[in-house]
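Encoded as structure tokens, the structure appears first; notes follow it.
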Amino acid sequence: MRVIFNEELKQVADDLDRMAQEVRTAILGAGKALLESDVEAAQSVIDGDLEIDALETSVINQCVQLLAKQSPVATDLRVVVSTLRLASTFERMGDLARHVAEIARRTYPESALTPETREVFSQMQAFLDETTKKLITALDSRDEKLAEQLIIDDDKLDDLHHEVFDIVNGENWTGNTQQTIDVVLLGRFYERFGDHAVSVARRLVYIVSGFDPSKAPKTKADSSANDPYLAAPEN
């Protein structure tokens, strides 16, 4: 029975890894669509979201069967339940990539970004490119230290998100109503990418150590910014 359980758990893990790869591809494609006004890249992301949804359904179904048939306990139960959560988080990230791609497709051949916001979104995209790469590495290797670093690094994306609002609210903002709406929405979508990446990283810490960083009580406010365990609650 143990051999069967391990084989089934490996299949779930393989599907989750594939899902993470598909999400990274979607985020890269959404960034290309937005920054380069690439309508083909946008359509590819939109069409590919169905595959991410299908993988989520597959992972969830397999996890439910494992819970029902194998009745896992201790570490095994932690892994199965966490895999359910990870699949849902990756699916949400795929949805966000689709939303970005849909805005890029709607505004084509013009860009959804104004000239003054292009640089900050380029920085946000570069940050996400690196973050998703590290997430896949951490997921594959169960690297707790790398996961902790990802939690800390999210502050950089939050700062860029605030910069978007500063630009829109600034005296030199010349965007029309639709451009203002698009830029604000896009900034929020990118910020949520980061939130979900933090959620994945926290879940990985929990899988490895059994400690849930989102449940840690806050102590000193001035230490929370540098401690991944004292960050905002998991979304």
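Each chain in the structure tokens gets a letter, A, B, ..., in the order shown, and its residues are numbered from 1; ligands are numbered from 1 in order too.
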
Handout entry: Residue contacts of His161 in chain A (12 Å, only C-alpha atoms) excluding same-chain residues fewer than 4 positions away, as a count of residues only
Key = 29

Practice task
Compile the contact shell of Pro109 in chain A as a PyMOL selection string: residues with an atom at most 12 Å away, counting only C-alpha atoms, same-chain residues fewer than 2 positions apart removed.
Solution key: chain A and resi 33-40+42+103-107+111-113

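For the pair CA of Gly94 in chain A and CA of Glu119 in chain A, the interatomic distance is 23.5 Å.
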
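CA of Ser58 in chain A sits 10.3 Å away from CA of Gln11 in chain A.
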
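Coordinates place CA of Ala30 in chain A at a distance of 5.0 Å from CA of Ala101 in chain A.
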
Exercise for the section: Compare A:Ser141, A:Thr114, A:Ser88, A:Ser71 by their minimum atom-to-atom distance to Asp53 in chain A, counting only C-alpha atoms, and give me the closest one. Expected result: A:Ser88

Compile the contact shell of range 5-8 of chain A as a PDB file with C-alpha atoms, in the first residue's frame: residues with an atom at most 8 Å away, counting only C-alpha atoms, same-chain residues fewer than 6 positions apart removed.
ATOM      1  CA  GLN A  62      -6.075  13.069  -7.327  1.00  0.00           C
ATOM      2  CA  LEU A  66      -5.566  10.018  -1.927  1.00  0.00           C
ATOM      3  CA  GLN A  70      -5.104   6.142   1.673  1.00  0.00           C
TER       4      GLN A  70
END
